[in-house]
Every structure is written in structure tokens, then in C-alpha cells.
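A.B. asks: Take a look at model_14.cif, mmCIF, C-alpha atoms and all ligand atoms:
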```cif
data_input
#
loop_
_atom_site.group_PDB
_atom_site.id
_atom_site.type_symbol
_atom_site.label_atom_id
_atom_site.label_comp_id
_atom_site.auth_asym_id
_atom_site.auth_seq_id
_atom_site.Cartn_x
_atom_site.Cartn_y
_atom_site.Cartn_z
ATOM 1 C CA MET A 273 -66.394 -4.761 -56.736
ATOM 2 C CA GLN A 274 -65.185 -8.082 -58.141
ATOM 3 C CA GLU A 275 -67.443 -11.062 -57.554
ATOM 4 C CA ASN A 276 -64.670 -13.042 -55.855
ATOM 5 C CA ILE A 277 -64.182 -10.290 -53.246
ATOM 6 C CA LYS A 278 -67.942 -10.232 -52.547
ATOM 7 C CA LYS A 279 -67.842 -14.003 -52.159
ATOM 8 C CA LEU A 280 -64.981 -13.823 -49.654
ATOM 9 C CA LEU A 281 -66.644 -11.039 -47.638
ATOM 10 C CA ILE A 282 -69.837 -13.111 -47.407
ATOM 11 C CA GLN A 283 -67.808 -16.178 -46.515
ATOM 12 C CA GLN A 284 -66.069 -14.194 -43.761
ATOM 13 C CA VAL A 285 -69.411 -13.660 -41.964
ATOM 14 C CA ASN A 286 -69.710 -17.432 -41.807
ATOM 15 C CA LYS A 287 -66.061 -17.892 -40.777
ATOM 16 C CA GLU A 288 -66.421 -15.430 -37.882
ATOM 17 C CA LEU A 289 -69.589 -17.190 -36.723
ATOM 18 C CA ALA A 290 -67.730 -20.524 -36.945
ATOM 19 C CA SER A 291 -64.999 -18.982 -34.762
ATOM 20 C CA ALA A 292 -67.627 -17.985 -32.186
ATOM 21 C CA TYR A 293 -69.017 -21.530 -32.308
ATOM 22 C CA LEU A 294 -65.501 -22.943 -31.830
ATOM 23 C CA TYR A 295 -64.742 -20.734 -28.819
ATOM 24 C CA LEU A 296 -68.096 -21.497 -27.211
ATOM 25 C CA ASP A 297 -67.180 -25.162 -27.488
ATOM 26 C CA MET A 298 -63.834 -24.484 -25.818
ATOM 27 C CA SER A 299 -65.662 -22.557 -23.092
ATOM 28 C CA LYS A 300 -67.926 -25.565 -22.582
ATOM 29 C CA PHE A 301 -64.879 -27.868 -22.390
ATOM 30 C CA TYR A 302 -63.294 -25.858 -19.542
ATOM 31 C CA LYS A 303 -66.621 -25.277 -17.808
ATOM 32 C CA THR A 304 -67.297 -29.017 -17.571
ATOM 33 C CA LYS A 305 -63.886 -29.370 -15.911
ATOM 34 C CA SER A 306 -64.670 -26.529 -13.461
ATOM 35 C CA ILE A 307 -61.895 -24.389 -14.941
ATOM 36 C CA GLU A 308 -64.148 -21.351 -14.680
ATOM 37 C CA GLY A 309 -61.669 -18.630 -15.646
ATOM 38 C CA PHE A 310 -60.723 -20.224 -18.943
ATOM 39 C CA ALA A 311 -64.402 -20.966 -19.589
ATOM 40 C CA HIS A 312 -65.217 -17.273 -19.024
ATOM 41 C CA TRP A 313 -62.291 -16.131 -21.163
ATOM 42 C CA PHE A 314 -63.417 -18.215 -24.149
ATOM 43 C CA LYS A 315 -67.015 -17.092 -23.735
ATOM 44 C CA LYS A 316 -65.829 -13.494 -24.059
ATOM 45 C CA GLN A 317 -63.728 -14.526 -27.036
ATOM 46 C CA ALA A 318 -66.834 -15.994 -28.677
ATOM 47 C CA SER A 319 -68.722 -12.677 -28.151
ATOM 48 C CA GLU A 320 -65.892 -10.857 -29.906
ATOM 49 C CA GLU A 321 -66.175 -13.205 -32.874
ATOM 50 C CA LEU A 322 -69.886 -12.487 -33.057
ATOM 51 C CA GLU A 323 -69.021 -8.773 -33.191
ATOM 52 C CA HIS A 324 -66.589 -9.480 -36.040
ATOM 53 C CA ALA A 325 -69.346 -11.260 -37.962
ATOM 54 C CA GLU A 326 -71.639 -8.266 -37.364
ATOM 55 C CA LYS A 327 -69.027 -5.852 -38.705
ATOM 56 C CA PHE A 328 -68.862 -7.816 -41.963
ATOM 57 C CA MET A 329 -72.671 -8.007 -42.066
ATOM 58 C CA ASP A 330 -72.876 -4.212 -41.677
ATOM 59 C CA TYR A 331 -70.332 -3.705 -44.435
ATOM 60 C CA LEU A 332 -72.272 -5.999 -46.792
ATOM 61 C CA ALA A 333 -75.573 -4.259 -45.971
ATOM 62 C CA ASP A 334 -74.035 -0.796 -46.410
ATOM 63 C CA ASN A 335 -72.780 -1.849 -49.835
ATOM 64 C CA ASP A 336 -76.085 -3.443 -50.892
ATOM 65 C CA ILE A 337 -74.563 -6.886 -51.235
ATOM 66 C CA GLU A 338 -77.199 -9.571 -50.831
ATOM 67 C CA TYR A 339 -76.443 -13.015 -49.463
ATOM 68 C CA LYS A 340 -77.904 -15.891 -47.512
ATOM 69 C CA PHE A 341 -76.609 -17.486 -44.349
ATOM 70 C CA GLU A 342 -74.914 -20.839 -44.839
ATOM 71 C CA PRO A 343 -74.646 -23.639 -42.265
ATOM 72 C CA ILE A 344 -71.909 -23.056 -39.702
ATOM 73 C CA GLU A 345 -69.051 -25.519 -39.777
ATOM 74 C CA VAL A 346 -68.250 -27.291 -36.522
ATOM 75 C CA LEU A 347 -64.518 -26.752 -35.962
ATOM 76 C CA ALA A 348 -64.531 -28.202 -32.452
ATOM 77 C CA LYS A 349 -62.208 -31.084 -31.730
ATOM 78 C CA ASP A 350 -61.907 -33.686 -28.984
ATOM 79 C CA TYR A 351 -59.531 -32.043 -26.563
ATOM 80 C CA LYS A 352 -57.284 -34.442 -24.682
ATOM 81 C CA ASN A 353 -56.042 -32.027 -22.051
ATOM 82 C CA LEU A 354 -56.331 -28.431 -20.822
ATOM 83 C CA LYS A 355 -53.620 -27.244 -23.210
ATOM 84 C CA ASP A 356 -55.184 -28.594 -26.422
ATOM 85 C CA PRO A 357 -57.754 -25.798 -26.949
ATOM 86 C CA LEU A 358 -55.024 -23.176 -26.477
ATOM 87 C CA LEU A 359 -52.890 -24.723 -29.214
ATOM 88 C CA HIS A 360 -55.936 -25.025 -31.435
ATOM 89 C CA GLN A 361 -56.893 -21.387 -30.811
ATOM 90 C CA LEU A 362 -53.501 -20.079 -31.928
ATOM 91 C CA GLU A 363 -53.589 -22.250 -35.034
ATOM 92 C CA HIS A 364 -57.148 -21.100 -35.779
ATOM 93 C CA GLU A 365 -56.332 -17.389 -35.407
ATOM 94 C CA LYS A 366 -53.406 -17.785 -37.827
ATOM 95 C CA TYR A 367 -55.849 -19.314 -40.291
ATOM 96 C CA VAL A 368 -58.287 -16.399 -39.850
ATOM 97 C CA THR A 369 -55.408 -13.959 -40.401
ATOM 98 C CA SER A 370 -54.666 -15.680 -43.718
ATOM 99 C CA LEU A 371 -58.322 -15.255 -44.764
ATOM 100 C CA ILE A 372 -58.341 -11.535 -43.907
ATOM 101 C CA ASN A 373 -54.995 -11.029 -45.640
ATOM 102 C CA GLU A 374 -56.330 -12.571 -48.838
ATOM 103 C CA ILE A 375 -59.343 -10.217 -48.938
ATOM 104 C CA TYR A 376 -56.987 -7.327 -48.198
ATOM 105 C CA ARG A 377 -54.710 -8.358 -51.061
ATOM 106 C CA LEU A 378 -57.644 -8.424 -53.497
ATOM 107 C CA ALA A 379 -58.974 -5.072 -52.219
ATOM 108 C CA LEU A 380 -55.564 -3.498 -52.886
ATOM 109 C CA GLU A 381 -55.425 -5.157 -56.278
ATOM 110 C CA GLU A 382 -58.674 -3.477 -57.387
ATOM 111 C CA ASN A 383 -57.741 -0.169 -55.699
ATOM 112 C CA ASN A 384 -60.801 -0.456 -53.467
ATOM 113 C CA TYR A 385 -59.661 2.045 -50.834
ATOM 114 C CA PRO A 386 -62.879 2.160 -48.793
ATOM 115 C CA LEU A 387 -62.677 -1.627 -48.413
ATOM 116 C CA VAL A 388 -58.976 -1.385 -47.549
ATOM 117 C CA ARG A 389 -59.852 1.116 -44.823
ATOM 118 C CA PHE A 390 -62.612 -1.151 -43.533
ATOM 119 C CA LEU A 391 -60.225 -4.118 -43.461
ATOM 120 C CA ASN A 392 -57.468 -2.191 -41.663
ATOM 121 C CA TRP A 393 -59.361 -2.693 -38.410
ATOM 122 C CA PHE A 394 -59.308 -6.470 -38.989
ATOM 123 C CA ILE A 395 -55.617 -6.476 -39.897
ATOM 124 C CA ASP A 396 -54.862 -4.828 -36.516
ATOM 125 C CA GLU A 397 -57.344 -7.075 -34.738
ATOM 126 C CA GLN A 398 -55.687 -10.235 -36.079
ATOM 127 C CA VAL A 399 -52.265 -9.075 -34.848
ATOM 128 C CA GLU A 400 -53.907 -8.655 -31.440
ATOM 129 C CA GLU A 401 -55.755 -12.011 -31.608
ATOM 130 C CA GLU A 402 -52.590 -13.950 -32.434
ATOM 131 C CA LYS A 403 -50.664 -12.117 -29.719
ATOM 132 C CA THR A 404 -53.339 -12.813 -27.094
ATOM 133 C CA ALA A 405 -53.625 -16.491 -28.074
ATOM 134 C CA LYS A 406 -49.830 -16.889 -27.923
ATOM 135 C CA GLU A 407 -49.615 -15.156 -24.535
ATOM 136 C CA LEU A 408 -52.326 -17.332 -23.051
ATOM 137 C CA LEU A 409 -50.585 -20.470 -24.327
ATOM 138 C CA GLU A 410 -47.234 -19.309 -22.905
ATOM 139 C CA LYS A 411 -48.749 -18.439 -19.524
ATOM 140 C CA PHE A 412 -50.342 -21.866 -19.442
ATOM 141 C CA GLU A 413 -46.981 -23.481 -20.207
ATOM 142 C CA TYR A 414 -45.360 -21.664 -17.257
ATOM 143 C CA VAL A 415 -47.813 -23.182 -14.799
ATOM 144 C CA GLU A 416 -48.554 -26.421 -16.649
ATOM 145 C CA ASN A 417 -47.054 -28.648 -13.970
ATOM 146 C CA CYS A 418 -48.151 -26.634 -10.956
ATOM 147 C CA LYS A 419 -51.785 -26.966 -9.911
ATOM 148 C CA MET A 420 -51.636 -23.887 -7.665
ATOM 149 C CA GLY A 421 -50.241 -21.827 -10.539
ATOM 150 C CA LEU A 422 -52.927 -23.106 -12.851
ATOM 151 C CA LEU A 423 -55.687 -22.203 -10.401
ATOM 152 C CA LYS A 424 -54.156 -18.734 -9.973
ATOM 153 C CA LEU A 425 -54.054 -18.197 -13.737
ATOM 154 C CA ASP A 426 -57.639 -19.422 -13.918
ATOM 155 C CA GLU A 427 -58.586 -16.847 -11.245
ATOM 156 C CA GLN A 428 -56.897 -14.078 -13.255
ATOM 157 C CA LEU A 429 -58.785 -14.975 -16.426
ATOM 158 C CA LYS A 430 -62.108 -14.395 -14.659
ATOM 159 C CA ALA A 431 -61.302 -10.692 -14.769
ATOM 160 C CA ARG A 432 -61.470 -10.429 -18.556
HETATM 161 MG MG MG B 501 -62.499 -12.909 -35.635
#
```
Could you show the structure in this file as C-alpha cells?

C.D. replies:
Amino acid sequence: MQENIKKLLIQQVNKELASAYLYLDMSKFYKTKSIEGFAHWFKKQASEELEHAEKFMDYLADNDIEYKFEPIEVLAKDYKNLKDPLLHQLEHEKYVTSLINEIYRLALEENNYPLVRFLNWFIDEQVEEEKTAKELLEKFEYVENCKMGLLKLDEQLKAR
């Protein structure tokens, strides 16, 4: 396996952990505003990101690739309103998709089929992540100016 692919796989562990950190921050933002459903939804999202990091860690361990943990970047921003994190989430997931796509491109380039197969799960997952982020943003936009609607959506998100 090329060194640059190894480097990107190791980096992806860190990127997934940074995603978890970002979504925990968003969860905290909603929680402090008593928007419990959104807070819960982003907490679950953070757990998923942790699982993504663990999948990459397992792959690296299974392939005897050694690495050290690096500091986790703080991607959190100052959110001005309830919509801000949702916009940021969609933008962030598109960025993560671009990272996965780049590793995929390199794996294909070196005919590394086991890695391609491993990454297929992430390719599908990113389609899902972008779709979910977009749907949540759109639902929010429907009820943006209606407090009752917003509270109802918040109720629904508790079920995730
Ligand atoms: Mg992820």
C-alpha cells in the first residue's frame, strides 16, 4: 500500500473523531437552548462518527499499520441561530465525502480491491449522511417561522 494512502487512512480516524467532537458541540448548543430533540439527534450523530473512527482503526490494525493519535481539531463555530448548525452540518458532510472519495480514488488507482471493498461502506454512508443532513435542514426551513411546528419537529427528533 502506498504511503500516501496509509497517511490518509490514519488521518481519517482523526477526521471522524473531529466530526464526533463537532456534533457533540452542536448537541450542547441545542441542549443549552432546551431544544432537546435536536440535542438528542446530534448526540446520536456524534456516536455514529465515533463508530466510523473505530471502523478505520480496525482496518488499520487488521493491516498492521501503526500510527499515533493526533490532537483533535475543534471545528465548532459560534452559532447565531438554530439553523446555523444544520447548514454547517451539511457543509461538513460534503467535506467528509470529498475526503472519502479521495482515498477511494487512490485505492482504485493502485488496484487495492480489499480497500475498495472496505471503503464501499463509507461511500454509501456518505450518500446517506448528506441526504439526512439535507432533509433535516429542509424540515427546519418548513417550520422556521412557526414555533409550534419547530417544537413538533423537535419532539419527532427525540425518537431517533
Ligand atoms: Mg463520518

A.B. asks: Written as a PyMOL selection string, what is the full residue list that the PyMOL selection byres (((chain A and resi 299) around 10) and not hetatm) yields on the file shown?

C.D. replies: chain A and resi 293-298+300-304+307-318+357

A.B. asks: For each of A:Ile372, A:Leu423, A:Leu408, A:Ile337, take the minimum atom-to-atom distance to ligand MG 501 (chain B), counting only C-alpha atoms and all ligand atoms, then give the residue where this is smallest.

C.D. replies: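 Of all the options, A:Ile372 lies closest to ligand MG 501 (chain B).
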
A.B. asks: Using only C-alpha atoms, find the one residue out of A:Val368, A:Ala431, A:Leu380, A:Ile282 that sits nearest to Tyr339 (chain A).

C.D. replies: A:Ile282

A.B. asks: Taking the file as I've supplied it (selection: the PyMOL selection byres (((not hetatm)) within 7 of (chain B and resi 501))), which residues are included? Please answer as a list in words.

C.D. replies: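 Going through the file, the PyMOL selection byres (((not hetatm)) within 7 of (chain B and resi 501)) ends up selecting Glu288, Ser291, Glu320, Glu321, His324 and Val368 of chain A.
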
A.B. asks: Measure the distance from CA of Leu358 (chain A) to CA of Ala292 (chain A) in Å and round it to one decimal.

C.D. replies: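 Spanning CA of Leu358 (chain A) to CA of Ala292 (chain A) is a straight-line distance of 14.8 Å.
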
A.B. asks: Compile the contact shell of Glu345 (chain A) as a PyMOL selection string: residues with an atom at most 9 Å away, counting only C-alpha atoms, same-chain residues fewer than 4 positions apart removed.

C.D. replies: chain A and resi 286-287+289-290+293

A.B. asks: Leaving out region 273-281 of chain A and any residue of its chain fewer than 2 positions from it, which residues lie within 7 Å of it when counting all atoms listed in the file, given as a PyMOL selection string?

C.D. replies: chain A and resi 283-285+328+375+378

A.B. asks: Could you check how far CA of Tyr385 (chain A) sits from CA of Asn335 (chain A), in Å to one decimal?

C.D. replies: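 Distance between the two atoms: 13.7 Å.
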
A.B. asks: Which polymer residues have any atom within 6 Å of an atom of region 394-407 of chain A, counting only C-alpha atoms, with same-chain residues fewer than 5 positions away left out, as JSON, numbers by chain?

C.D. replies: {"A": [362, 365, 369]}

A.B. asks: Could you please take those selected residues and save C-alpha atoms as a compact mmCIF listing (two decimals), in the coordinates of the input?

C.D. replies:
```txt
# COMPACT_ATOMS: atom_id res chain seq x y z
CA LEU A 362 -53.50 -20.08 -31.93
CA GLU A 365 -56.33 -17.39 -35.41
CA THR A 369 -55.41 -13.96 -40.40
```

A.B. asks: Separation of CA of Glu410 (chain A) and CA of Lys366 (chain A), in Å?

C.D. replies: 16.2 Å

A.B. asks: Between A:Ser306, A:Glu427, A:Ala379, A:Ser370, single out the one closest to Leu391 (chain A), counting all atoms listed in the file.

C.D. replies: A:Ala379

A.B. asks: Given the choices A:Glu381, A:Asp426, A:Glu342, A:Glu413, which gets closest to Leu359 (chain A) if the distance is worked out from only C-alpha atoms?

C.D. replies: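 Answer, going by the shortest atom-to-atom distance: A:Glu413.
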
A.B. asks: Given the choices A:His360, A:Lys430, A:Lys327, A:Lys352, which gets closest to Leu409 (chain A) if the distance is worked out from only C-alpha atoms?

C.D. replies: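 Answer, going by the shortest atom-to-atom distance: A:His360.
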